[in-house]
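Trainee: Just dropping this structure here.
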Amino acid sequence: MIFVKDLHKTYGKLEVLKGVNAHIKKGECVVVIGPSGSGKSTFLRCLNKLEEATKGEIVVDGFDIMDSKTDINRMRRDVGMVFQQFNLFPHLTILENVTLAPIKHKLMTKEEAEKKAMELLQRVGVGDKANSYPSQLSGGQKQRVAIARSLALSPNVLLFDEPTSALDPEMVGEVLEVMKQLAEEGMTMVVVTHEMGFAREVAHRVLFMDGGVVVEDETPENIFTNPKHERTKAFLSKVL
Amino acid sequence: MKHKQTWKVKASILALLFCMMCMLGCGKSSTSNEKTLRVGTNAEFPPFEYINNSGEIDGFDIQLIKAVGEEMGYQVEVQNMEFKSLLGSLKSGALDAVIAGMTVTDERRESVDFTTTYYTATQHIIVTVDSDIISLEQLNGKKIAVQEGTTGDLLVTPEDDNEIITDKNTEVKRFKKGTDAIIELKNGSVDAVVIDANPAKEFVRVNEGVLKNIEITDIKEEYAIAVSKGNEQVVDDINEGIRRIKENGVFDELVETYINGTEKSVRRHSDNPFIEFLYTLEFVFISTNGYKLLLQGLVATIGISLAAVLVGIVLGLLLALMKMTEVQKGKKTLWSRLASIYIDIIRGTPAIVQLLIMYMVVFQSKMGMVAAILTFGINSAAYVAEIIRAGILAVDKGQMEGGRSLGFSYAETMRYIILPQAIKNILPALGNEFITLIKETAIVGYVAIQDLTKAADFIISRTYETFLPLIAIAIIYYCLVKLLTKGLNVFERRLRQSDIR
């Protein structure tokens, strides 16, 4: 589903990614962990071209990201993204936030889109907020709406960029619960997070990144109980 | 691919605008109708030409040319403009003839042709009743006011005419209008005004007891109608027309009505200062129809400002989007450079200069209203562009990423997500731009549009009262701005409330 080979990314002289390799299968939930500045967010953002990779191969859901002829906007409909800061549209109601893309992309009529949106909002537990505006919601609710908004386009892959980092601690659980459900339903997910509990419990695989490369690519059991690399050990000893 | 398309759209809109401007500018040759006689005048020279109490151009010259036109089968269109630009407009082809109490001189003969003369005028010196000046010679070393470009100007300006006795010690103040020269004299800033006999008599009549006039007997002038060089057909037709109206008595009637007329002043006087003040009010605003002029002026001012702000918004949005390509691409683009140059030039030149270029060069002294609206629209666009750009940039960067991650193109994200939010930042600032524009339009009088300021100008030139009309328009402008500011504040508060909802 996602195939990344020798991915490089530089900002001016600063090389952030120094040859990342990853292979993610359909239905897999992969969690990316690592210290700040290790390049994990940049790696994730390269997958849907919010950042343009400098060099390498990236194929996501059959789209060759590095090919300038690829219709990136089409690709992004199939590859949803959830942001740390939610990025809900404050001028639209919750329902409108969710239905905007399917309606404007002419994938559904307004009625169909609203029906589906209500289902999604109920699924993530904010059905009663459909007619509210984002500013009236708590952080946890906003993030769940953001997930529903991504799901409205029926994506094949979902990318999560530190989805719980901007949340108050008591709201982290409700968001992780939604993500866990998605993983159990077989959604292909790439999650950049600091939530080690989630990684251990939900992830099929964990990528540990440091210094712009994937240092270790293992199952959660192996990486948390028996890390191979010194750097992994050092990092985990600090966060666990 | 999508980006290219939006570029094309922008480019074609711009091209269309340029085409429109060119067409408007070049339209002059196709609009000339052989049955129309476009006559220029400067309606500041009573009794030959002035704005009457109904706000129309009137006077001996105007009625004369209309009578001639009727006689010879011409539709006469009279245009009011600065005396100085009359001959220029004749040469550029914007006018067919000029009738403006214009004296035939050898200098003028070099650039235009004249019809037969229709009136002989002498020059008069106007002074205050207590002045001891009685001859032209005594003007040497004094301060003299004249109407720019008139015979009086040539007469007293040292370098211009060596017949005359004034030297470099003489200070000559040139005004666009004879009435302004008179007001200068009444205010005591000059010692004398030198002007043609008939306006002089008129000025003294309405300022009875304050001013007196002295005829300069040794200089006589002939008034004639100026026609562009080589236009014999029009010269012949006008000469024939003048001959006919002299024959049928219309000419004498006009002389009687306008030049020898004993029209009584409508002004009442009282010894009680308060009642005198009320009489002055009545005279300035009611009996000479000043209020009508002010109302018409107000409508013109608001109309021009509103239309200009709309042009400014459309053009400004275009410019802002052109500049925004810089943010999208992360470096300067052709479009952003073009927009920057536009904004730079517009901000770096005075609006009045832009207005004159638009009116005189692009529009060839036609369609003053359109020229003014376009000028202020184009001018305002430079400021609106920055307002819109700032409004767009103030929207959180995550909104663009949020939109793009849902598969929207840059343009779609702008349209559905960024602009609706930016509008809240933009609207209040746009309202301020509108308020600024209202005040800036006070210069449209330069291109013969009767806005609020020009209305005050007319009232002054008819009543010789400066204080009341100027205070009146100041109050009107102030109230207008105050009202809009209040309205804007209410509107802004509403917008903010919707943020809290």
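Ordering of the structure tokens sets the chain letters (A, B, ...), residue numbers begin anew at 1 in every chain, and ligands are numbered from 1 in the order given.
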Quick one: everything within 8 Å of stretch 66-72 of chain A, counting only C-alpha atoms, minus sequence neighbours fewer than 2 positions away in the same chain. Send it as a PyMOL selection string.

Mentor: (chain A and resi 48-49+53+56-59+63-64+74-76) or (chain B and resi 407)

Trainee: Restricting the output to all heavy atoms, write the selected residues as a compact mmCIF listing (two decimals), in the first residue's frame.

Mentor:
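Contents of out39.txt, as written:
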# COMPACT_ATOMS: atom_id res chain seq x y z
N ASN A 48 1.92 12.43 1.52
CA ASN A 48 0.84 13.01 0.70
C ASN A 48 1.27 14.35 0.10
O ASN A 48 0.46 15.17 -0.27
CB ASN A 48 -0.46 13.14 1.50
CG ASN A 48 -0.38 14.20 2.57
OD1 ASN A 48 0.70 14.68 2.89
ND2 ASN A 48 -1.52 14.56 3.12
N LYS A 49 2.57 14.52 0.01
CA LYS A 49 3.19 15.65 -0.69
C LYS A 49 2.86 17.01 -0.08
O LYS A 49 2.90 18.03 -0.76
CB LYS A 49 2.82 15.65 -2.17
CG LYS A 49 4.00 16.12 -3.03
CD LYS A 49 3.71 16.02 -4.50
CE LYS A 49 4.89 16.54 -5.31
NZ LYS A 49 4.70 16.41 -6.74
N ALA A 53 9.40 15.76 -1.33
CA ALA A 53 10.65 15.05 -1.08
C ALA A 53 11.71 15.51 -2.08
O ALA A 53 11.39 15.88 -3.21
CB ALA A 53 10.43 13.56 -1.21
N GLY A 56 14.23 10.19 -3.99
CA GLY A 56 13.74 8.89 -3.52
C GLY A 56 12.50 8.44 -4.26
O GLY A 56 12.04 9.10 -5.19
N GLU A 57 11.97 7.30 -3.80
CA GLU A 57 10.76 6.76 -4.42
C GLU A 57 9.67 6.71 -3.36
O GLU A 57 9.89 6.27 -2.24
CB GLU A 57 11.01 5.32 -4.88
CG GLU A 57 11.62 5.18 -6.27
CD GLU A 57 11.88 3.72 -6.59
OE1 GLU A 57 10.91 2.94 -6.57
OE2 GLU A 57 13.05 3.38 -6.81
N ILE A 58 8.47 7.19 -3.72
CA ILE A 58 7.32 7.07 -2.82
C ILE A 58 6.13 6.63 -3.66
O ILE A 58 5.77 7.31 -4.63
CB ILE A 58 6.96 8.40 -2.14
CG1 ILE A 58 8.19 9.07 -1.52
CG2 ILE A 58 5.88 8.18 -1.09
CD1 ILE A 58 7.93 10.48 -1.03
N VAL A 59 5.55 5.53 -3.33
CA VAL A 59 4.31 5.12 -3.98
C VAL A 59 3.28 4.88 -2.87
O VAL A 59 3.53 4.13 -1.94
CB VAL A 59 4.52 3.84 -4.81
CG1 VAL A 59 3.20 3.41 -5.44
CG2 VAL A 59 5.57 4.07 -5.88
N PHE A 63 -0.32 5.55 -6.28
CA PHE A 63 0.08 6.84 -6.86
C PHE A 63 1.59 7.04 -6.70
O PHE A 63 2.11 6.92 -5.59
CB PHE A 63 -0.64 8.00 -6.15
CG PHE A 63 -2.10 8.08 -6.44
CD1 PHE A 63 -3.02 7.46 -5.60
CD2 PHE A 63 -2.57 8.77 -7.55
CE1 PHE A 63 -4.37 7.53 -5.86
CE2 PHE A 63 -3.94 8.85 -7.81
CZ PHE A 63 -4.84 8.22 -6.97
N ASP A 64 2.25 7.35 -7.80
CA ASP A 64 3.68 7.63 -7.72
C ASP A 64 3.85 9.10 -7.34
O ASP A 64 3.70 10.00 -8.16
CB ASP A 64 4.33 7.35 -9.09
CG ASP A 64 5.84 7.56 -9.04
OD1 ASP A 64 6.33 8.08 -8.01
OD2 ASP A 64 6.51 7.21 -10.03
N ARG A 74 -6.10 14.26 -6.62
CA ARG A 74 -6.85 13.00 -6.68
C ARG A 74 -6.32 12.03 -5.63
O ARG A 74 -7.09 11.36 -4.93
CB ARG A 74 -6.72 12.42 -8.10
CG ARG A 74 -7.46 11.12 -8.34
CD ARG A 74 -8.97 11.36 -8.27
NE ARG A 74 -9.68 10.08 -8.18
CZ ARG A 74 -9.82 9.38 -7.06
NH1 ARG A 74 -9.29 9.83 -5.93
NH2 ARG A 74 -10.48 8.25 -7.05
N MET A 75 -4.97 11.98 -5.56
CA MET A 75 -4.34 11.08 -4.59
C MET A 75 -4.78 11.41 -3.16
O MET A 75 -5.08 10.51 -2.37
CB MET A 75 -2.82 11.23 -4.73
CG MET A 75 -1.96 10.47 -3.73
SD MET A 75 -1.69 11.33 -2.17
CE MET A 75 -0.55 12.61 -2.66
N ARG A 76 -4.86 12.70 -2.86
CA ARG A 76 -5.14 13.10 -1.47
C ARG A 76 -6.55 12.72 -1.03
O ARG A 76 -6.83 12.63 0.16
CB ARG A 76 -4.92 14.60 -1.31
CG ARG A 76 -3.44 14.96 -1.26
CD ARG A 76 -3.26 16.44 -1.06
NE ARG A 76 -1.86 16.81 -1.08
CZ ARG A 76 -1.40 17.93 -1.61
NH1 ARG A 76 -2.24 18.79 -2.17
NH2 ARG A 76 -0.12 18.21 -1.58
N GLY B 407 -7.95 17.03 -0.73
CA GLY B 407 -7.95 16.88 -2.19
C GLY B 407 -8.37 18.13 -2.95
O GLY B 407 -8.57 18.09 -4.14

Trainee: Using only C-alpha atoms, select each residue of chain A with any atom at most 6 Å away from an atom of chain B, and give the selection as a PyMOL selection string.

Mentor: chain A and resi 73+76-77+87

Trainee: For a quick check of understanding, using only C-alpha atoms, which of A:Met189, A:Val30, A:Ile94, A:Ala166 has the smallest distance to A:Met81?

Mentor: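 Checking each candidate against A:Met81, we get A:Met189 as the closest.
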
Trainee: Hey, which of B:Tyr279, B:Tyr464, B:Phe434, B:Tyr50 ends up closest to B:Glu208? Count only C-alpha atoms.

Mentor: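 Counting only C-alpha atoms, the residue closest to B:Glu208 is B:Tyr464.
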
Trainee: Name all residues at most 10 Å from B:Tyr446 (count only C-alpha atoms; drop same-chain ones fewer than 5 positions away) and give them as a list in words.

Mentor: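 Near B:Tyr446, the qualifying residues are Met81, Glu82, Ile352, Leu355, Leu356, Tyr359, Gly368, Ala372 and Lys454 of chain B.
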
Trainee: Please produce a file of the residues just selected, as an mmCIF file, in the first residue's frame, where the atoms kept are C-alpha atoms.

Mentor:
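Listed below is the output, part_28.cif:
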data_model
loop_
_atom_site.group_PDB
_atom_site.id
_atom_site.type_symbol
_atom_site.label_atom_id
_atom_site.label_comp_id
_atom_site.auth_asym_id
_atom_site.auth_seq_id
_atom_site.Cartn_x
_atom_site.Cartn_y
_atom_site.Cartn_z
ATOM 1 C CA MET B 81 -13.509 72.864 -18.587
ATOM 2 C CA GLU B 82 -10.504 74.833 -17.414
ATOM 3 C CA ILE B 352 -4.634 64.045 -8.997
ATOM 4 C CA LEU B 355 -6.779 61.506 -12.641
ATOM 5 C CA LEU B 356 -5.481 64.085 -15.111
ATOM 6 C CA TYR B 359 -9.004 62.092 -18.222
ATOM 7 C CA GLY B 368 -15.125 62.502 -17.004
ATOM 8 C CA ALA B 372 -12.839 59.447 -12.397
ATOM 9 C CA LYS B 454 -17.064 71.601 -6.977
#

Trainee: Run DSSP on the backbone and give me the residues of stretch 29-180 of chain B it puts in strand (DSSP E), as an MDAnalysis selection string.

Mentor: chainID B and resid 36:41 44:45 49:51 57:58 75:80 97:98 112:114 119:128 143:147 171:175

Trainee: Could the residues in this selection be saved with N, CA and C atoms as a short mmCIF file (atom, residue, chain, number, x, y, z; two decimals), in the first residue's frame?

Mentor:
data_model
loop_
_atom_site.label_atom_id
_atom_site.label_comp_id
_atom_site.auth_asym_id
_atom_site.auth_seq_id
_atom_site.Cartn_x
_atom_site.Cartn_y
_atom_site.Cartn_z
N THR B 36 -23.23 67.11 -34.82
CA THR B 36 -22.96 67.56 -33.46
C THR B 36 -21.81 68.56 -33.46
N LEU B 37 -21.99 69.66 -32.75
CA LEU B 37 -20.91 70.62 -32.59
C LEU B 37 -20.51 70.60 -31.12
N ARG B 38 -19.31 70.06 -30.84
CA ARG B 38 -18.85 69.97 -29.46
C ARG B 38 -18.11 71.26 -29.11
N VAL B 39 -18.72 72.03 -28.23
CA VAL B 39 -18.19 73.35 -27.92
C VAL B 39 -17.66 73.37 -26.49
N GLY B 40 -16.43 73.85 -26.35
CA GLY B 40 -15.86 73.96 -25.02
C GLY B 40 -15.98 75.39 -24.50
N THR B 41 -16.17 75.50 -23.17
CA THR B 41 -16.17 76.83 -22.58
C THR B 41 -15.63 76.71 -21.15
N GLU B 44 -16.83 80.39 -16.02
CA GLU B 44 -16.42 81.17 -14.85
C GLU B 44 -16.24 82.63 -15.28
N PHE B 45 -16.95 83.05 -16.32
CA PHE B 45 -16.67 84.33 -16.93
C PHE B 45 -17.99 85.05 -17.22
N GLU B 49 -20.15 83.46 -19.84
CA GLU B 49 -20.44 82.06 -19.52
C GLU B 49 -20.36 81.86 -18.01
N TYR B 50 -21.35 81.19 -17.47
CA TYR B 50 -21.40 80.94 -16.04
C TYR B 50 -22.41 79.84 -15.79
N ILE B 51 -22.42 79.36 -14.58
CA ILE B 51 -23.43 78.36 -14.20
C ILE B 51 -24.61 79.12 -13.61
N ILE B 57 -25.01 75.44 -17.60
CA ILE B 57 -24.10 76.40 -18.21
C ILE B 57 -24.93 77.40 -19.00
N ASP B 58 -24.72 78.68 -18.73
CA ASP B 58 -25.54 79.71 -19.35
C ASP B 58 -24.63 80.90 -19.67
N GLN B 75 -26.36 70.16 -33.64
CA GLN B 75 -26.70 69.84 -32.25
C GLN B 75 -25.53 70.33 -31.41
N VAL B 76 -25.75 71.36 -30.59
CA VAL B 76 -24.63 71.94 -29.84
C VAL B 76 -24.50 71.26 -28.47
N GLU B 77 -23.30 70.75 -28.22
CA GLU B 77 -23.00 70.12 -26.92
C GLU B 77 -21.96 70.98 -26.22
N VAL B 78 -22.33 71.56 -25.09
CA VAL B 78 -21.38 72.45 -24.41
C VAL B 78 -20.68 71.70 -23.29
N GLN B 79 -19.35 71.79 -23.29
CA GLN B 79 -18.58 71.17 -22.22
C GLN B 79 -17.84 72.23 -21.43
N ASN B 80 -17.90 72.09 -20.12
CA ASN B 80 -17.26 73.06 -19.24
C ASN B 80 -15.89 72.54 -18.82
N ALA B 97 -15.23 73.45 -31.37
CA ALA B 97 -15.11 74.90 -31.27
C ALA B 97 -14.99 75.30 -29.81
N VAL B 98 -14.43 76.50 -29.61
CA VAL B 98 -14.32 77.03 -28.25
C VAL B 98 -14.94 78.41 -28.24
N VAL B 112 -4.75 78.07 -33.62
CA VAL B 112 -6.16 77.82 -33.98
C VAL B 112 -6.64 78.86 -34.99
N ASP B 113 -7.77 78.58 -35.62
CA ASP B 113 -8.42 79.56 -36.49
C ASP B 113 -9.56 80.23 -35.73
N PHE B 114 -9.85 81.51 -36.12
CA PHE B 114 -10.93 82.22 -35.46
C PHE B 114 -12.03 82.55 -36.45
N TYR B 119 -17.78 90.33 -30.63
CA TYR B 119 -17.91 91.27 -29.53
C TYR B 119 -16.59 92.00 -29.32
N THR B 120 -16.66 93.29 -29.00
CA THR B 120 -15.46 94.05 -28.70
C THR B 120 -15.46 94.39 -27.22
N ALA B 121 -14.39 94.01 -26.57
CA ALA B 121 -14.33 94.22 -25.12
C ALA B 121 -13.13 95.08 -24.77
N THR B 122 -13.26 95.76 -23.66
CA THR B 122 -12.12 96.48 -23.12
C THR B 122 -11.73 95.82 -21.81
N GLN B 123 -10.54 96.14 -21.35
CA GLN B 123 -10.10 95.62 -20.07
C GLN B 123 -10.46 96.61 -18.97
N HIS B 124 -10.80 96.07 -17.81
CA HIS B 124 -11.09 96.93 -16.67
C HIS B 124 -10.17 96.58 -15.51
N ILE B 125 -9.89 97.59 -14.72
CA ILE B 125 -9.20 97.35 -13.46
C ILE B 125 -10.26 97.39 -12.37
N ILE B 126 -10.30 96.37 -11.54
CA ILE B 126 -11.23 96.39 -10.41
C ILE B 126 -10.41 96.60 -9.13
N VAL B 127 -10.86 97.55 -8.34
CA VAL B 127 -10.18 97.82 -7.06
C VAL B 127 -11.25 98.01 -5.99
N THR B 128 -10.85 98.06 -4.76
CA THR B 128 -11.81 98.34 -3.69
C THR B 128 -12.16 99.82 -3.74
N LYS B 143 0.35 94.32 -6.12
CA LYS B 143 -0.09 92.93 -6.25
C LYS B 143 -1.36 92.90 -7.08
N ILE B 144 -1.32 92.07 -8.13
CA ILE B 144 -2.45 92.05 -9.05
C ILE B 144 -2.94 90.61 -9.21
N ALA B 145 -4.28 90.44 -9.20
CA ALA B 145 -4.85 89.12 -9.46
C ALA B 145 -5.47 89.10 -10.85
N VAL B 146 -5.27 88.00 -11.56
CA VAL B 146 -5.84 87.87 -12.91
C VAL B 146 -6.38 86.45 -13.06
N GLN B 147 -7.18 86.27 -14.13
CA GLN B 147 -7.59 84.92 -14.49
C GLN B 147 -6.55 84.37 -15.45
N GLU B 171 3.77 91.77 -8.37
CA GLU B 171 3.44 90.37 -8.10
C GLU B 171 2.09 90.04 -8.73
N VAL B 172 2.11 89.07 -9.64
CA VAL B 172 0.87 88.70 -10.31
C VAL B 172 0.40 87.34 -9.80
N LYS B 173 -0.81 87.31 -9.28
CA LYS B 173 -1.38 86.02 -8.83
C LYS B 173 -2.37 85.55 -9.88
N ARG B 174 -2.16 84.34 -10.38
CA ARG B 174 -3.04 83.83 -11.43
C ARG B 174 -4.03 82.83 -10.85
N PHE B 175 -5.30 83.04 -11.17
CA PHE B 175 -6.34 82.13 -10.68
C PHE B 175 -7.04 81.46 -11.85
#
